[in-house]
>>> print(open('model_6.pdb').read())   # PDB, C-alpha atoms and all ligand atoms
ATOM      1  CA  MET A 185     -27.778 -42.854 -16.271  1.00  0.00           C
ATOM      2  CA  THR A 186     -31.160 -44.573 -16.068  1.00  0.00           C
ATOM      3  CA  PRO A 187     -31.927 -45.738 -12.550  1.00  0.00           C
ATOM      4  CA  ASN A 188     -32.374 -49.503 -12.352  1.00  0.00           C
ATOM      5  CA  LYS A 189     -34.407 -51.781 -10.126  1.00  0.00           C
ATOM      6  CA  GLU A 190     -31.882 -51.640  -7.277  1.00  0.00           C
ATOM      7  CA  ASP A 191     -31.879 -47.828  -7.312  1.00  0.00           C
ATOM      8  CA  TYR A 192     -35.649 -47.782  -6.945  1.00  0.00           C
ATOM      9  CA  LEU A 193     -35.503 -50.122  -3.949  1.00  0.00           C
ATOM     10  CA  LYS A 194     -32.830 -47.935  -2.412  1.00  0.00           C
ATOM     11  CA  ILE A 195     -34.885 -44.769  -2.906  1.00  0.00           C
ATOM     12  CA  ILE A 196     -37.970 -46.379  -1.383  1.00  0.00           C
ATOM     13  CA  TYR A 197     -35.808 -47.287   1.622  1.00  0.00           C
ATOM     14  CA  GLU A 198     -34.341 -43.797   1.864  1.00  0.00           C
ATOM     15  CA  LEU A 199     -37.760 -42.196   1.705  1.00  0.00           C
ATOM     16  CA  GLY A 200     -38.734 -44.248   4.752  1.00  0.00           C
ATOM     17  CA  GLY A 201     -40.412 -47.170   2.977  1.00  0.00           C
ATOM     18  CA  THR A 202     -39.895 -49.678   5.771  1.00  0.00           C
ATOM     19  CA  GLU A 203     -42.169 -47.746   8.114  1.00  0.00           C
ATOM     20  CA  LYS A 204     -44.660 -45.938   5.899  1.00  0.00           C
ATOM     21  CA  LYS A 205     -46.164 -46.020   2.441  1.00  0.00           C
ATOM     22  CA  ILE A 206     -44.295 -44.102  -0.234  1.00  0.00           C
ATOM     23  CA  ASN A 207     -46.264 -42.691  -3.150  1.00  0.00           C
ATOM     24  CA  ASN A 208     -45.101 -42.526  -6.749  1.00  0.00           C
ATOM     25  CA  LYS A 209     -44.912 -38.744  -6.659  1.00  0.00           C
ATOM     26  CA  GLU A 210     -42.162 -38.801  -4.029  1.00  0.00           C
ATOM     27  CA  ILE A 211     -40.146 -41.251  -6.125  1.00  0.00           C
ATOM     28  CA  VAL A 212     -40.629 -39.158  -9.283  1.00  0.00           C
ATOM     29  CA  LYS A 213     -39.364 -36.103  -7.425  1.00  0.00           C
ATOM     30  CA  ARG A 214     -36.359 -37.865  -5.954  1.00  0.00           C
ATOM     31  CA  LEU A 215     -35.205 -39.686  -9.084  1.00  0.00           C
ATOM     32  CA  GLY A 216     -36.143 -37.036 -11.639  1.00  0.00           C
ATOM     33  CA  VAL A 217     -37.817 -39.553 -13.937  1.00  0.00           C
ATOM     34  CA  SER A 218     -41.287 -39.555 -15.497  1.00  0.00           C
ATOM     35  CA  ALA A 219     -44.380 -40.698 -13.620  1.00  0.00           C
ATOM     36  CA  ALA A 220     -44.864 -43.369 -16.280  1.00  0.00           C
ATOM     37  CA  SER A 221     -41.421 -44.880 -15.638  1.00  0.00           C
ATOM     38  CA  VAL A 222     -42.084 -44.990 -11.904  1.00  0.00           C
ATOM     39  CA  SER A 223     -45.449 -46.707 -12.200  1.00  0.00           C
ATOM     40  CA  GLU A 224     -44.006 -49.189 -14.688  1.00  0.00           C
ATOM     41  CA  MET A 225     -41.174 -50.029 -12.291  1.00  0.00           C
ATOM     42  CA  MET A 226     -43.542 -50.305  -9.321  1.00  0.00           C
ATOM     43  CA  SER A 227     -45.612 -52.907 -11.178  1.00  0.00           C
ATOM     44  CA  LYS A 228     -42.415 -54.819 -11.921  1.00  0.00           C
ATOM     45  CA  LEU A 229     -41.190 -54.708  -8.309  1.00  0.00           C
ATOM     46  CA  LEU A 230     -44.620 -55.784  -7.115  1.00  0.00           C
ATOM     47  CA  LYS A 231     -44.664 -58.725  -9.510  1.00  0.00           C
ATOM     48  CA  GLU A 232     -41.170 -59.796  -8.483  1.00  0.00           C
ATOM     49  CA  GLY A 233     -42.159 -59.648  -4.819  1.00  0.00           C
ATOM     50  CA  TYR A 234     -39.998 -56.798  -3.461  1.00  0.00           C
ATOM     51  CA  ILE A 235     -42.748 -54.424  -2.377  1.00  0.00           C
ATOM     52  CA  GLU A 236     -46.317 -54.329  -1.095  1.00  0.00           C
ATOM     53  CA  ARG A 237     -48.789 -51.825  -2.486  1.00  0.00           C
ATOM     54  CA  LEU A 238     -51.958 -50.347  -1.035  1.00  0.00           C
ATOM     55  CA  PRO A 239     -54.308 -48.540  -3.409  1.00  0.00           C
ATOM     56  CA  TYR A 240     -54.156 -44.727  -3.040  1.00  0.00           C
ATOM     57  CA  GLN A 241     -51.489 -44.981  -0.337  1.00  0.00           C
ATOM     58  CA  GLY A 242     -48.324 -46.146  -2.009  1.00  0.00           C
ATOM     59  CA  VAL A 243     -45.718 -48.837  -1.635  1.00  0.00           C
ATOM     60  CA  GLU A 244     -43.669 -50.289   1.174  1.00  0.00           C
ATOM     61  CA  LEU A 245     -40.598 -52.537   1.103  1.00  0.00           C
ATOM     62  CA  ASN A 246     -41.203 -56.088   2.292  1.00  0.00           C
ATOM     63  CA  GLU A 247     -38.458 -58.300   3.725  1.00  0.00           C
ATOM     64  CA  LYS A 248     -37.146 -59.352   0.316  1.00  0.00           C
ATOM     65  CA  GLY A 249     -37.043 -55.721  -0.822  1.00  0.00           C
ATOM     66  CA  LEU A 250     -35.284 -54.563   2.320  1.00  0.00           C
ATOM     67  CA  ARG A 251     -32.714 -57.350   1.978  1.00  0.00           C
ATOM     68  CA  LYS A 252     -31.936 -56.255  -1.577  1.00  0.00           C
ATOM     69  CA  ALA A 253     -31.723 -52.570  -0.604  1.00  0.00           C
ATOM     70  CA  SER A 254     -29.493 -53.457   2.367  1.00  0.00           C
ATOM     71  CA  THR A 255     -26.999 -55.280   0.138  1.00  0.00           C
ATOM     72  CA  LEU A 256     -26.790 -52.327  -2.220  1.00  0.00           C
ATOM     73  CA  ILE A 257     -26.445 -49.734   0.537  1.00  0.00           C
ATOM     74  CA  ARG A 258     -23.779 -51.920   2.205  1.00  0.00           C
ATOM     75  CA  LYS A 259     -21.692 -51.761  -0.989  1.00  0.00           C
ATOM     76  CA  HIS A 260     -22.322 -48.050  -1.414  1.00  0.00           C
ATOM     77  CA  ARG A 261     -21.221 -47.184   2.110  1.00  0.00           C
ATOM     78  CA  LEU A 262     -18.171 -49.456   2.175  1.00  0.00           C
ATOM     79  CA  TRP A 263     -16.925 -47.767  -0.987  1.00  0.00           C
ATOM     80  CA  GLU A 264     -17.526 -44.368   0.591  1.00  0.00           C
ATOM     81  CA  VAL A 265     -15.351 -45.327   3.561  1.00  0.00           C
ATOM     82  CA  PHE A 266     -12.655 -46.606   1.196  1.00  0.00           C
ATOM     83  CA  LEU A 267     -12.645 -43.408  -0.866  1.00  0.00           C
ATOM     84  CA  VAL A 268     -12.417 -41.170   2.195  1.00  0.00           C
ATOM     85  CA  GLU A 269      -9.851 -43.231   4.098  1.00  0.00           C
ATOM     86  CA  ASN A 270      -7.614 -44.303   1.247  1.00  0.00           C
ATOM     87  CA  LEU A 271      -7.999 -41.941  -1.679  1.00  0.00           C
ATOM     88  CA  GLY A 272      -8.328 -38.621   0.100  1.00  0.00           C
ATOM     89  CA  TYR A 273     -11.900 -37.841  -0.950  1.00  0.00           C
ATOM     90  CA  SER A 274     -13.981 -35.638   1.316  1.00  0.00           C
ATOM     91  CA  TRP A 275     -17.483 -36.684   2.425  1.00  0.00           C
ATOM     92  CA  ASN A 276     -19.243 -34.451  -0.108  1.00  0.00           C
ATOM     93  CA  GLU A 277     -17.355 -35.985  -3.029  1.00  0.00           C
ATOM     94  CA  VAL A 278     -17.904 -39.701  -2.541  1.00  0.00           C
ATOM     95  CA  HIS A 279     -21.570 -40.145  -3.346  1.00  0.00           C
ATOM     96  CA  ALA A 280     -21.360 -40.114  -7.143  1.00  0.00           C
ATOM     97  CA  GLU A 281     -18.408 -42.530  -7.218  1.00  0.00           C
ATOM     98  CA  ALA A 282     -20.119 -44.904  -4.775  1.00  0.00           C
ATOM     99  CA  GLU A 283     -23.309 -44.798  -6.876  1.00  0.00           C
ATOM    100  CA  VAL A 284     -21.398 -46.364  -9.739  1.00  0.00           C
ATOM    101  CA  LEU A 285     -19.235 -48.780  -7.718  1.00  0.00           C
ATOM    102  CA  GLU A 286     -22.173 -50.261  -5.788  1.00  0.00           C
ATOM    103  CA  HIS A 287     -23.573 -51.754  -8.996  1.00  0.00           C
ATOM    104  CA  VAL A 288     -20.407 -53.463 -10.150  1.00  0.00           C
ATOM    105  CA  SER A 289     -19.140 -55.017  -6.894  1.00  0.00           C
ATOM    106  CA  SER A 290     -19.548 -58.761  -6.414  1.00  0.00           C
ATOM    107  CA  ILE A 291     -20.261 -60.263  -2.979  1.00  0.00           C
ATOM    108  CA  GLU A 292     -16.657 -61.489  -2.836  1.00  0.00           C
ATOM    109  CA  LEU A 293     -15.202 -58.063  -3.646  1.00  0.00           C
ATOM    110  CA  THR A 294     -17.519 -56.427  -1.104  1.00  0.00           C
ATOM    111  CA  ASN A 295     -16.496 -58.871   1.645  1.00  0.00           C
ATOM    112  CA  ARG A 296     -12.811 -58.345   0.919  1.00  0.00           C
ATOM    113  CA  LEU A 297     -13.317 -54.595   0.910  1.00  0.00           C
ATOM    114  CA  GLU A 298     -15.038 -54.839   4.284  1.00  0.00           C
ATOM    115  CA  ASN A 299     -12.132 -56.873   5.691  1.00  0.00           C
ATOM    116  CA  TYR A 300      -9.585 -54.493   4.264  1.00  0.00           C
ATOM    117  CA  LEU A 301     -11.356 -51.598   5.997  1.00  0.00           C
ATOM    118  CA  ASN A 302     -11.594 -53.497   9.328  1.00  0.00           C
ATOM    119  CA  SER A 303     -15.364 -53.861   9.158  1.00  0.00           C
ATOM    120  CA  PRO A 304     -16.490 -50.252   9.606  1.00  0.00           C
ATOM    121  CA  LYS A 305     -19.962 -49.861  11.091  1.00  0.00           C
ATOM    122  CA  ILE A 306     -20.809 -46.403   9.765  1.00  0.00           C
ATOM    123  CA  CYS A 307     -20.239 -44.496   6.515  1.00  0.00           C
ATOM    124  CA  PRO A 308     -18.736 -40.989   6.312  1.00  0.00           C
ATOM    125  CA  HIS A 309     -22.266 -39.559   6.588  1.00  0.00           C
ATOM    126  CA  GLY A 310     -23.056 -41.517   9.737  1.00  0.00           C
ATOM    127  CA  GLY A 311     -25.234 -44.145   8.016  1.00  0.00           C
ATOM    128  CA  MET A 312     -25.185 -47.731   9.266  1.00  0.00           C
ATOM    129  CA  ILE A 313     -23.256 -50.349   7.272  1.00  0.00           C
ATOM    130  CA  PRO A 314     -24.923 -53.755   7.558  1.00  0.00           C
ATOM    131  CA  GLY A 315     -22.799 -56.920   7.573  1.00  0.00           C
ATOM    132  CA  GLU A 316     -23.108 -59.565   4.857  1.00  0.00           C
ATOM    133  CA  ASN A 317     -26.768 -60.703   4.818  1.00  0.00           C
ATOM    134  CA  GLY A 318     -27.490 -58.111   7.500  1.00  0.00           C
ATOM    135  CA  MET A 319     -30.557 -55.906   7.356  1.00  0.00           C
ATOM    136  CA  LEU A 320     -30.397 -52.147   7.512  1.00  0.00           C
ATOM    137  CA  LYS A 321     -31.890 -50.651  10.589  1.00  0.00           C
ATOM    138  CA  GLU A 322     -30.809 -47.102  11.285  1.00  0.00           C
ATOM    139  CA  PRO A 323     -31.149 -46.121  14.939  1.00  0.00           C
ATOM    140  CA  LEU A 324     -33.952 -43.611  15.450  1.00  0.00           C
ATOM    141  CA  LEU A 325     -32.451 -40.188  16.010  1.00  0.00           C
ATOM    142  CA  GLU A 326     -33.985 -36.768  16.446  1.00  0.00           C
ATOM    143  CA  THR A 327     -33.241 -34.051  13.919  1.00  0.00           C
ATOM    144  CA  LEU A 328     -31.644 -30.719  14.692  1.00  0.00           C
ATOM    145  CA  VAL A 329     -34.945 -28.890  14.193  1.00  0.00           C
ATOM    146  CA  GLU A 330     -36.569 -30.876  16.988  1.00  0.00           C
ATOM    147  CA  GLN A 331     -34.161 -29.526  19.619  1.00  0.00           C
ATOM    148  CA  LYS A 332     -34.661 -26.775  22.175  1.00  0.00           C
ATOM    149  CA  GLU A 333     -32.433 -23.783  22.823  1.00  0.00           C
ATOM    150  CA  ASN A 334     -29.360 -24.485  24.978  1.00  0.00           C
ATOM    151  CA  GLN A 335     -29.511 -28.215  24.244  1.00  0.00           C
ATOM    152  CA  LYS A 336     -26.117 -29.804  23.651  1.00  0.00           C
ATOM    153  CA  VAL A 337     -26.003 -32.339  20.835  1.00  0.00           C
ATOM    154  CA  ARG A 338     -23.595 -34.459  18.852  1.00  0.00           C
ATOM    155  CA  ILE A 339     -24.106 -34.663  15.077  1.00  0.00           C
ATOM    156  CA  LYS A 340     -24.501 -38.341  14.280  1.00  0.00           C
ATOM    157  CA  ARG A 341     -25.813 -38.585  10.754  1.00  0.00           C
ATOM    158  CA  VAL A 342     -26.768 -36.425   7.783  1.00  0.00           C
ATOM    159  CA  ALA A 343     -28.731 -37.252   4.653  1.00  0.00           C
ATOM    160  CA  ASP A 344     -26.424 -38.459   1.887  1.00  0.00           C
ATOM    161  CA  GLU A 345     -27.267 -35.685  -0.582  1.00  0.00           C
ATOM    162  CA  LYS A 346     -24.686 -33.752  -2.557  1.00  0.00           C
ATOM    163  CA  ASP A 347     -26.220 -30.282  -2.168  1.00  0.00           C
ATOM    164  CA  LEU A 348     -26.657 -30.715   1.565  1.00  0.00           C
ATOM    165  CA  LEU A 349     -23.098 -32.014   2.019  1.00  0.00           C
ATOM    166  CA  ASP A 350     -21.622 -29.161  -0.042  1.00  0.00           C
ATOM    167  CA  TYR A 351     -23.596 -26.742   2.121  1.00  0.00           C
ATOM    168  CA  LEU A 352     -22.403 -28.355   5.360  1.00  0.00           C
ATOM    169  CA  VAL A 353     -18.789 -28.211   4.173  1.00  0.00           C
ATOM    170  CA  SER A 354     -19.229 -24.522   3.350  1.00  0.00           C
ATOM    171  CA  ILE A 355     -20.547 -23.686   6.842  1.00  0.00           C
ATOM    172  CA  GLY A 356     -18.114 -26.024   8.623  1.00  0.00           C
ATOM    173  CA  ILE A 357     -20.378 -28.737  10.048  1.00  0.00           C
ATOM    174  CA  LYS A 358     -19.307 -32.400  10.127  1.00  0.00           C
ATOM    175  CA  ILE A 359     -20.113 -35.760  11.707  1.00  0.00           C
ATOM    176  CA  ASN A 360     -19.302 -36.044  15.429  1.00  0.00           C
ATOM    177  CA  ASP A 361     -19.260 -32.283  15.936  1.00  0.00           C
ATOM    178  CA  VAL A 362     -20.587 -31.309  19.335  1.00  0.00           C
ATOM    179  CA  CYS A 363     -22.603 -28.124  19.425  1.00  0.00           C
ATOM    180  CA  THR A 364     -25.102 -26.240  21.540  1.00  0.00           C
ATOM    181  CA  ILE A 365     -28.342 -24.878  20.125  1.00  0.00           C
ATOM    182  CA  ASP A 366     -28.087 -21.124  20.408  1.00  0.00           C
ATOM    183  CA  SER A 367     -31.351 -19.980  18.861  1.00  0.00           C
ATOM    184  CA  ILE A 368     -34.181 -21.314  16.755  1.00  0.00           C
ATOM    185  CA  GLY A 369     -35.802 -18.963  14.275  1.00  0.00           C
ATOM    186  CA  ALA A 370     -39.594 -18.711  14.358  1.00  0.00           C
ATOM    187  CA  TYR A 371     -41.705 -20.093  11.513  1.00  0.00           C
ATOM    188  CA  GLU A 372     -39.091 -22.503  10.160  1.00  0.00           C
ATOM    189  CA  GLY A 373     -36.340 -19.926  10.431  1.00  0.00           C
ATOM    190  CA  SER A 374     -32.700 -20.891  10.630  1.00  0.00           C
ATOM    191  CA  ILE A 375     -31.095 -22.596  13.593  1.00  0.00           C
ATOM    192  CA  VAL A 376     -27.987 -21.040  15.100  1.00  0.00           C
ATOM    193  CA  VAL A 377     -25.607 -23.418  16.857  1.00  0.00           C
ATOM    194  CA  GLU A 378     -22.468 -22.715  18.788  1.00  0.00           C
ATOM    195  CA  LYS A 379     -19.476 -24.903  18.029  1.00  0.00           C
ATOM    196  CA  GLU A 380     -16.069 -24.273  19.580  1.00  0.00           C
ATOM    197  CA  GLN A 381     -17.134 -20.734  20.581  1.00  0.00           C
ATOM    198  CA  LYS A 382     -18.207 -19.965  17.038  1.00  0.00           C
ATOM    199  CA  LYS A 383     -21.792 -19.332  15.988  1.00  0.00           C
ATOM    200  CA  ILE A 384     -22.945 -21.109  12.854  1.00  0.00           C
ATOM    201  CA  GLN A 385     -26.247 -20.451  11.128  1.00  0.00           C
ATOM    202  CA  ILE A 386     -27.921 -23.496   9.568  1.00  0.00           C
ATOM    203  CA  SER A 387     -30.955 -23.241   7.299  1.00  0.00           C
ATOM    204  CA  PHE A 388     -34.137 -24.982   8.450  1.00  0.00           C
ATOM    205  CA  LYS A 389     -34.074 -27.210   5.370  1.00  0.00           C
ATOM    206  CA  ALA A 390     -30.562 -28.473   6.114  1.00  0.00           C
ATOM    207  CA  ALA A 391     -31.244 -28.787   9.829  1.00  0.00           C
ATOM    208  CA  SER A 392     -34.193 -31.105   9.122  1.00  0.00           C
ATOM    209  CA  ASP A 393     -31.760 -33.523   7.454  1.00  0.00           C
ATOM    210  CA  ILE A 394     -29.210 -33.482  10.285  1.00  0.00           C
ATOM    211  CA  TYR A 395     -29.671 -36.201  12.911  1.00  0.00           C
ATOM    212  CA  VAL A 396     -28.323 -35.692  16.392  1.00  0.00           C
ATOM    213  CA  GLN A 397     -27.817 -37.395  19.690  1.00  0.00           C
ATOM    214  CA  VAL A 398     -28.723 -35.383  22.751  1.00  0.00           C
ATOM    215  CA  ILE A 399     -25.833 -35.215  25.201  1.00  0.00           C
TER     216      ILE A 399
HETATM  217 ZN    ZN A 401     -22.884 -42.359   3.070  1.00  0.00          ZN
END
>>> encode(input="model_6.pdb", output="structure tokens", more="lines below")
Ligand SMILES: [Zn+2]
Amino acid sequence: MTPNKEDYLKIIYELGGTEKKINNKEIVKRLGVSAASVSEMMSKLLKEGYIERLPYQGVELNEKGLRKASTLIRKHRLWEVFLVENLGYSWNEVHAEAEVLEHVSSIELTNRLENYLNSPKICPHGGMIPGENGMLKEPLLETLVEQKENQKVRIKRVADEKDLLDYLVSIGIKINDVCTIDSIGAYEGSIVVEKEQKKIQISFKAASDIYVQVI
């Protein structure tokens, strides 16, 4: 599937493009498309007024771009909730389905879906679901790698990436788990947490994509 305009806006958002400049290289890496396709799309998005660009620094979403990305992510996350709650999917299986559904859902369908689900505020991965015309603004959370030993935390959100989710399922970590940091390996080593008297080892890479609330 070739990523379209909306996918690019979504990726810029996910890479942090409301707070910092995102360069083409990061987008190439994330979408697995050629550098030429990315720069072509960036010129298009710039012309249509969704992004701002600074030479040698990269692009940033402006208000119009963020509004568009918010609408798409709203659809994506509502479908994820539906699939988990009603069709028995687990949180590592819903991403691909939601990627397709988000592009074919009208505003009316999305609003009815939201009503049907009793207006959920977060997706199965802990991401915020904006209301109709709402803007995405994820609360700032620390990651697992920023914690100190013996700190107790609740897992609030994880990056919505298939490989990461498969990994978390395999080691038994999920949203709303409460755990205590047992040890932190030196030089980006793995983090060991204790959950329900069981020790679980989490790689540094995964732990940097796990957002927690200190409790
Ligand atoms: Zn999600």
>>> residues_near_ligand(input="model_6.pdb", ligand="ligand ZN 401 (chain A)", cutoff="8 Å", atoms="all atoms listed in the file", output="list in words")
His260, Arg261, Glu264, Trp275, Val278, His279, Cys307, Pro308, His309, Gly310, Gly311, Ala343 and Asp344 of chain A
>>> resolve_selection(input="model_6.pdb", expression="the PyMOL selection byres (((chain A and resi 367) around 6) and not hetatm)", output="list in words")
Glu333, Ile365, Asp366, Ile368, Ile375 and Val376 of chain A
>>> resolve_selection(input="model_6.pdb", expression="the PyMOL selection byres (((chain A and resi 378-392) around 9) and not hetatm)", output="JSON, numbers by chain")
{"A": [327, 328, 329, 330, 342, 348, 351, 352, 355, 356, 357, 361, 362, 363, 364, 365, 366, 369, 372, 373, 374, 375, 376, 377, 393, 394, 395]}
>>> atom_distance(input="model_6.pdb", atom1="CA of Leu325 (chain A)", atom2="CA of Glu244 (chain A)")
21.2 Å
>>> closest_residue(input="model_6.pdb", among="A:Asn334, A:Thr255, A:Asn270, A:Asn276", to="Glu316 (chain A)", atoms="all atoms listed in the file")
A:Thr255
>>> resolve_selection(input="model_6.pdb", expression="the PyMOL selection byres (((chain A and resi 189) around 12) and not hetatm)", output="list in words")
Thr186, Pro187, Asn188, Glu190, Asp191, Tyr192, Leu193, Lys194, Ile195, Ile196, Ser221, Val222, Glu224, Met225, Met226, Ser227, Lys228, Leu229, Leu230, Glu232, Tyr234, Ile235, Gly249, Lys252, Ala253, Leu256 and His287 of chain A
>>> write_last_selection(input="model_6.pdb", atoms="C-alpha atoms", output="compact mmCIF listing (two decimals), in the frame of the given file")
# COMPACT_ATOMS: atom_id res chain seq x y z
CA THR A 186 -31.16 -44.57 -16.07
CA PRO A 187 -31.93 -45.74 -12.55
CA ASN A 188 -32.37 -49.50 -12.35
CA GLU A 190 -31.88 -51.64 -7.28
CA ASP A 191 -31.88 -47.83 -7.31
CA TYR A 192 -35.65 -47.78 -6.94
CA LEU A 193 -35.50 -50.12 -3.95
CA LYS A 194 -32.83 -47.94 -2.41
CA ILE A 195 -34.88 -44.77 -2.91
CA ILE A 196 -37.97 -46.38 -1.38
CA SER A 221 -41.42 -44.88 -15.64
CA VAL A 222 -42.08 -44.99 -11.90
CA GLU A 224 -44.01 -49.19 -14.69
CA MET A 225 -41.17 -50.03 -12.29
CA MET A 226 -43.54 -50.30 -9.32
CA SER A 227 -45.61 -52.91 -11.18
CA LYS A 228 -42.42 -54.82 -11.92
CA LEU A 229 -41.19 -54.71 -8.31
CA LEU A 230 -44.62 -55.78 -7.12
CA GLU A 232 -41.17 -59.80 -8.48
CA TYR A 234 -40.00 -56.80 -3.46
CA ILE A 235 -42.75 -54.42 -2.38
CA GLY A 249 -37.04 -55.72 -0.82
CA LYS A 252 -31.94 -56.26 -1.58
CA ALA A 253 -31.72 -52.57 -0.60
CA LEU A 256 -26.79 -52.33 -2.22
CA HIS A 287 -23.57 -51.75 -9.00
>>> atom_distance(input="model_6.pdb", atom1="CA of Ala282 (chain A)", atom2="CA of Val212 (chain A)")
21.8 Å
>>> atom_distance(input="model_6.pdb", atom1="CA of Lys248 (chain A)", atom2="CA of Glu203 (chain A)")
14.9 Å
